[in-house]
Amino acid sequence: MSEQPTAARPVFRFAPSPNGFLHLGHAASALINQRMARASGGRLLLRIEDIDTGRTRDEFVEAIGEDLAWLGVTFDEEPLRQSRHLPDYQKAADRLDALGLVYPCFAARAEILAAAHETGLRLDPDGAPVYPGLHRGLDPKEAERRKAGGEPYAMRLDMARAVALARERAGHAMSEQQLSWREMDAAGQVEMVFADPLAWGDIVLQRKDVPTSYHLSVVVDDARQGVTHVVRGKDLIHATAIHRLLQVLLDLPEPVYHHHDLVLDGNGLKLSKSDSATSLRSLREAGWTRGDVMAKLGFHDVA
Ligand code: GLU
């Protein structure tokens, strides 16, 4: 069989954050991506999401490479490291700024929490308090004065305006003027899912310590890497609403999404990086083979 031309081949990606060792949940995600890429004649790329400078460690970046090699997951290009592309995220943020959709927020965490409680606590899909709009509408002169005084600030997306603009722009292409994304199930059936970015409130687009955020980087890089299929855990399904919104506003292509089941621990909870017992590293040290991991995760075929 001849190879499909690169442009027509699906592109998948595995995008871990190097702030801990990979665990069984990551293994499942990487193996599912690899299986789907191979089944569709597609390519698989690795992206190291290392914008969290406080928590990223080189040791973890190295371990990701070793653990994936041990697992038999291979990639078609050199990994992309987000920390090397900060100017690109800044450019994307500038575009949103030029559309009048972002504003600086100087408030400290505690101040935001207190205000959120005062104004009636609303929780986002992750269960965190929604930003109560503290510095939306701050006098631009005051903002400039505070910036000039060296006060740290985050840049937030004015969600109501962003959604209104996205609907206006892409209205005809969206059913009933709604934002939606294409979700593929495990059997490969695709359906439209209603996206509700308003549920997140004014998210941080650029953090105080780094000129980007998970949401901004992920959409810029999925586009940069030509990702056609975003395959990741169900814990990120609600974030897709934000990603779809940013793609519309930044004129980025729309991938198909598949959010797979999570690997749960004995108590039915999501695995966490702080629980070293399920890290691939400790399982390997305890004598597990790649085959043991695959069997544990229910992979009966060669991924
Ligand atoms: N870096 C994210 C994580 O490790 C995954 C991002 C994504 O797949 O969109 O949870």
# chains A, B, ... in the order shown; residues from 1 in each chain; ligands from 1
call {"tool": "residues_near_ligand", "arguments": {"ligand": "ligand 1", "cutoff": "6 Å", "atoms": "only C-alpha atoms and all ligand atoms", "output": "ChimeraX atom specification"}}
result
/A:15-17,49,232
call {"tool": "residues_around", "arguments": {"residues": "segment 128-137 of chain A", "least_positions_apart": "5", "cutoff": "9 Å", "atoms": "only C-alpha atoms", "output": "NGL selection string"}}
result
:A and (102-107 or 112-113 or 115-117 or 119-123 or 156 or 158 or 199-203)
call {"tool": "residues_around", "arguments": {"residues": "segment 264-279 of chain A", "least_positions_apart": "4", "cutoff": "9 Å", "atoms": "only C-alpha atoms", "output": "ChimeraX atom specification"}}
result
/A:19-25,235,283-284
call {"tool": "residues_around", "arguments": {"residues": "Arg13 of chain A", "least_positions_apart": "6", "cutoff": "12 Å", "atoms": "only C-alpha atoms", "output": "JSON, numbers by chain"}}
result
{"A": [29, 30, 31, 32, 33, 34, 35, 36, 37, 42, 43, 44, 45, 46, 47, 48, 49, 73, 74, 75, 76, 77, 78, 79, 80, 218, 221, 222, 223, 224, 225, 226, 227, 228, 229, 230, 231, 232, 255, 257, 258]}
call {"tool": "atom_distance", "arguments": {"atom1": "atom CA of Thr56 of chain A", "atom2": "atom CA of Pro18 of chain A"}}
result
5.3 Å
call {"tool": "residues_around", "arguments": {"residues": "Ala93 of chain A", "least_positions_apart": "2", "cutoff": "9 Å", "atoms": "only C-alpha atoms", "output": "PDB file with all heavy atoms, in the first residue's frame"}}
result
ATOM      1  N   ASP A  88       5.048  33.115  20.138  1.00  0.00           N
ATOM      2  CA  ASP A  88       3.878  32.774  19.307  1.00  0.00           C
ATOM      3  C   ASP A  88       2.583  32.889  20.099  1.00  0.00           C
ATOM      4  O   ASP A  88       1.544  33.292  19.568  1.00  0.00           O
ATOM      5  CB  ASP A  88       4.007  31.350  18.752  1.00  0.00           C
ATOM      6  CG  ASP A  88       5.196  31.238  17.831  1.00  0.00           C
ATOM      7  OD1 ASP A  88       5.474  32.219  17.125  1.00  0.00           O
ATOM      8  OD2 ASP A  88       5.870  30.199  17.847  1.00  0.00           O
ATOM      9  N   TYR A  89       2.647  32.527  21.368  1.00  0.00           N
ATOM     10  CA  TYR A  89       1.437  32.632  22.197  1.00  0.00           C
ATOM     11  C   TYR A  89       1.126  34.115  22.431  1.00  0.00           C
ATOM     12  O   TYR A  89      -0.031  34.523  22.473  1.00  0.00           O
ATOM     13  CB  TYR A  89       1.611  31.898  23.530  1.00  0.00           C
ATOM     14  CG  TYR A  89       2.131  30.481  23.352  1.00  0.00           C
ATOM     15  CD1 TYR A  89       3.216  30.011  24.075  1.00  0.00           C
ATOM     16  CD2 TYR A  89       1.534  29.629  22.421  1.00  0.00           C
ATOM     17  CE1 TYR A  89       3.704  28.729  23.897  1.00  0.00           C
ATOM     18  CE2 TYR A  89       2.013  28.342  22.229  1.00  0.00           C
ATOM     19  CZ  TYR A  89       3.103  27.897  22.972  1.00  0.00           C
ATOM     20  OH  TYR A  89       3.583  26.639  22.774  1.00  0.00           O
ATOM     21  N   GLN A  90       2.205  34.898  22.582  1.00  0.00           N
ATOM     22  CA  GLN A  90       2.014  36.344  22.769  1.00  0.00           C
ATOM     23  C   GLN A  90       1.309  36.939  21.550  1.00  0.00           C
ATOM     24  O   GLN A  90       0.391  37.744  21.676  1.00  0.00           O
ATOM     25  CB  GLN A  90       3.382  37.016  22.984  1.00  0.00           C
ATOM     26  CG  GLN A  90       3.297  38.519  23.237  1.00  0.00           C
ATOM     27  CD  GLN A  90       2.547  38.853  24.532  1.00  0.00           C
ATOM     28  OE1 GLN A  90       2.894  38.340  25.606  1.00  0.00           O
ATOM     29  NE2 GLN A  90       1.512  39.686  24.441  1.00  0.00           N
ATOM     30  N   LYS A  91       1.731  36.494  20.366  1.00  0.00           N
ATOM     31  CA  LYS A  91       1.110  36.998  19.132  1.00  0.00           C
ATOM     32  C   LYS A  91      -0.385  36.688  19.107  1.00  0.00           C
ATOM     33  O   LYS A  91      -1.209  37.519  18.735  1.00  0.00           O
ATOM     34  CB  LYS A  91       1.769  36.336  17.918  1.00  0.00           C
ATOM     35  CG  LYS A  91       2.737  37.246  17.211  1.00  0.00           C
ATOM     36  CD  LYS A  91       3.213  36.598  15.916  1.00  0.00           C
ATOM     37  CE  LYS A  91       4.730  36.568  15.902  1.00  0.00           C
ATOM     38  NZ  LYS A  91       5.317  35.523  15.085  1.00  0.00           N
ATOM     39  N   ARG A  95      -3.606  39.302  19.166  1.00  0.00           N
ATOM     40  CA  ARG A  95      -4.739  39.341  18.214  1.00  0.00           C
ATOM     41  C   ARG A  95      -6.056  39.465  18.969  1.00  0.00           C
ATOM     42  O   ARG A  95      -6.949  40.203  18.571  1.00  0.00           O
ATOM     43  CB  ARG A  95      -4.773  38.058  17.378  1.00  0.00           C
ATOM     44  CG  ARG A  95      -3.829  38.120  16.201  1.00  0.00           C
ATOM     45  CD  ARG A  95      -3.987  36.896  15.322  1.00  0.00           C
ATOM     46  NE  ARG A  95      -5.270  36.827  14.633  1.00  0.00           N
ATOM     47  CZ  ARG A  95      -5.607  35.855  13.798  1.00  0.00           C
ATOM     48  NH1 ARG A  95      -4.752  34.874  13.557  1.00  0.00           N
ATOM     49  NH2 ARG A  95      -6.772  35.848  13.191  1.00  0.00           N
ATOM     50  N   LEU A  96      -6.168  38.727  20.060  1.00  0.00           N
ATOM     51  CA  LEU A  96      -7.410  38.792  20.838  1.00  0.00           C
ATOM     52  C   LEU A  96      -7.544  40.155  21.513  1.00  0.00           C
ATOM     53  O   LEU A  96      -8.642  40.700  21.643  1.00  0.00           O
ATOM     54  CB  LEU A  96      -7.436  37.658  21.871  1.00  0.00           C
ATOM     55  CG  LEU A  96      -7.432  36.254  21.247  1.00  0.00           C
ATOM     56  CD1 LEU A  96      -7.205  35.188  22.308  1.00  0.00           C
ATOM     57  CD2 LEU A  96      -8.747  35.987  20.504  1.00  0.00           C
ATOM     58  N   ASP A  97      -6.401  40.704  21.902  1.00  0.00           N
ATOM     59  CA  ASP A  97      -6.384  42.030  22.518  1.00  0.00           C
ATOM     60  C   ASP A  97      -6.855  43.067  21.504  1.00  0.00           C
ATOM     61  O   ASP A  97      -7.675  43.945  21.810  1.00  0.00           O
ATOM     62  CB  ASP A  97      -4.953  42.332  22.997  1.00  0.00           C
ATOM     63  CG  ASP A  97      -4.911  43.523  23.933  1.00  0.00           C
ATOM     64  OD1 ASP A  97      -5.994  43.974  24.362  1.00  0.00           O
ATOM     65  OD2 ASP A  97      -3.798  44.008  24.236  1.00  0.00           O
ATOM     66  N   ALA A  98      -6.362  42.929  20.261  1.00  0.00           N
ATOM     67  CA  ALA A  98      -6.743  43.888  19.215  1.00  0.00           C
ATOM     68  C   ALA A  98      -8.251  43.819  18.929  1.00  0.00           C
ATOM     69  O   ALA A  98      -8.839  44.780  18.453  1.00  0.00           O
ATOM     70  CB  ALA A  98      -5.947  43.606  17.942  1.00  0.00           C
ATOM     71  N   VAL A 102      -9.594  41.106  25.658  1.00  0.00           N
ATOM     72  CA  VAL A 102      -8.828  40.755  26.865  1.00  0.00           C
ATOM     73  C   VAL A 102      -8.595  41.984  27.736  1.00  0.00           C
ATOM     74  O   VAL A 102      -8.655  43.116  27.255  1.00  0.00           O
ATOM     75  CB  VAL A 102      -7.466  40.089  26.520  1.00  0.00           C
ATOM     76  CG1 VAL A 102      -7.656  38.790  25.783  1.00  0.00           C
ATOM     77  CG2 VAL A 102      -6.579  41.013  25.726  1.00  0.00           C
ATOM     78  N   MET A 155      -3.664  38.377  32.043  1.00  0.00           N
ATOM     79  CA  MET A 155      -4.598  38.875  31.043  1.00  0.00           C
ATOM     80  C   MET A 155      -5.759  37.893  30.972  1.00  0.00           C
ATOM     81  O   MET A 155      -5.553  36.686  30.815  1.00  0.00           O
ATOM     82  CB  MET A 155      -3.924  38.975  29.671  1.00  0.00           C
ATOM     83  CG  MET A 155      -2.870  40.071  29.589  1.00  0.00           C
ATOM     84  SD  MET A 155      -3.519  41.742  29.874  1.00  0.00           S
ATOM     85  CE  MET A 155      -4.018  42.211  28.223  1.00  0.00           C
ATOM     86  N   LEU A 205      -5.902  34.056  30.177  1.00  0.00           N
ATOM     87  CA  LEU A 205      -5.328  33.736  28.871  1.00  0.00           C
ATOM     88  C   LEU A 205      -3.798  33.788  28.949  1.00  0.00           C
ATOM     89  O   LEU A 205      -3.086  33.045  28.296  1.00  0.00           O
ATOM     90  CB  LEU A 205      -5.829  34.772  27.874  1.00  0.00           C
ATOM     91  CG  LEU A 205      -5.961  34.376  26.439  1.00  0.00           C
ATOM     92  CD1 LEU A 205      -6.963  33.242  26.278  1.00  0.00           C
ATOM     93  CD2 LEU A 205      -6.414  35.567  25.631  1.00  0.00           C
ATOM     94  N   GLN A 206      -3.326  34.738  29.754  1.00  0.00           N
ATOM     95  CA  GLN A 206      -1.883  34.857  30.004  1.00  0.00           C
ATOM     96  C   GLN A 206      -1.699  35.002  31.510  1.00  0.00           C
ATOM     97  O   GLN A 206      -2.285  35.884  32.130  1.00  0.00           O
ATOM     98  CB  GLN A 206      -1.317  36.086  29.293  1.00  0.00           C
ATOM     99  CG  GLN A 206      -1.416  35.980  27.778  1.00  0.00           C
ATOM    100  CD  GLN A 206      -0.803  37.202  27.114  1.00  0.00           C
ATOM    101  OE1 GLN A 206      -1.405  38.278  27.115  1.00  0.00           O
ATOM    102  NE2 GLN A 206       0.394  37.059  26.570  1.00  0.00           N
ATOM    103  N   PRO A 211       3.645  34.393  29.740  1.00  0.00           N
ATOM    104  CA  PRO A 211       2.690  35.094  28.864  1.00  0.00           C
ATOM    105  C   PRO A 211       1.765  34.171  28.076  1.00  0.00           C
ATOM    106  O   PRO A 211       1.446  34.427  26.924  1.00  0.00           O
ATOM    107  CB  PRO A 211       3.610  35.876  27.922  1.00  0.00           C
ATOM    108  CG  PRO A 211       4.843  35.049  27.855  1.00  0.00           C
ATOM    109  CD  PRO A 211       4.992  34.379  29.183  1.00  0.00           C
ATOM    110  N   THR A 212       1.345  33.079  28.702  1.00  0.00           N
ATOM    111  CA  THR A 212       0.379  32.205  28.068  1.00  0.00           C
ATOM    112  C   THR A 212      -0.342  31.405  29.142  1.00  0.00           C
ATOM    113  O   THR A 212      -0.194  31.677  30.330  1.00  0.00           O
ATOM    114  CB  THR A 212       1.069  31.294  27.018  1.00  0.00           C
ATOM    115  OG1 THR A 212       0.070  30.567  26.291  1.00  0.00           O
ATOM    116  CG2 THR A 212       2.044  30.318  27.649  1.00  0.00           C
ATOM    117  N   LEU A 216      -4.544  28.778  25.809  1.00  0.00           N
ATOM    118  CA  LEU A 216      -4.024  29.512  24.662  1.00  0.00           C
ATOM    119  C   LEU A 216      -2.974  28.670  23.920  1.00  0.00           C
ATOM    120  O   LEU A 216      -3.009  28.538  22.691  1.00  0.00           O
ATOM    121  CB  LEU A 216      -3.411  30.849  25.133  1.00  0.00           C
ATOM    122  CG  LEU A 216      -2.888  31.764  24.037  1.00  0.00           C
ATOM    123  CD1 LEU A 216      -4.002  32.163  23.076  1.00  0.00           C
ATOM    124  CD2 LEU A 216      -2.252  33.024  24.634  1.00  0.00           C
TER     125      LEU A 216
END
call {"tool": "atom_distance", "arguments": {"atom1": "atom CA of Leu236 of chain A", "atom2": "atom CA of His259 of chain A"}}
result
7.4 Å
call {"tool": "closest_residue", "arguments": {"among": "A:His26, A:Gln247, A:Ala8, A:Gln178", "to": "Leu297 of chain A", "atoms": "only C-alpha atoms"}}
result
A:His26
call {"tool": "select_by_dssp", "arguments": {"residues": "segment 5-92 of chain A", "states": "helix (DSSP H, G or I)", "output": "PyMOL selection string"}}
result
chain A and resi 6-8+24-39+58-71+82-92
call {"tool": "closest_residue", "arguments": {"among": "A:Val220, A:Gly72, A:Val204, A:Ala239", "to": "Pro253 of chain A", "atoms": "only C-alpha atoms"}}
result
A:Val220
call {"tool": "closest_residue", "arguments": {"among": "A:Leu245, A:Asp185, A:Gly100, A:Arg84", "to": "Arg169 of chain A", "atoms": "only C-alpha atoms"}}
result
A:Leu245
call {"tool": "select_by_dssp", "arguments": {"residues": "segment 115-279 of chain A", "states": "strand (DSSP E or B)", "output": "ChimeraX atom specification"}}
result
/A:123,129,154-157,180-184,190-194,204-206,229-233,256-260,264,270,279
call {"tool": "residues_around", "arguments": {"residues": "Ile237 of chain A", "least_positions_apart": "6", "cutoff": "12 Å", "atoms": "only C-alpha atoms", "output": "PyMOL selection string"}}
result
chain A and resi 125-126+181-184+193-197+230-231+243-244+257-262
call {"tool": "atom_distance", "arguments": {"atom1": "atom CA of Trp288 of chain A", "atom2": "atom CA of Phe12 of chain A"}}
result
27.4 Å
call {"tool": "closest_residue", "arguments": {"among": "A:Gly233, A:Gly41, A:Trp70, A:Glu254", "to": "Met294 of chain A", "atoms": "only C-alpha atoms"}}
result
A:Trp70
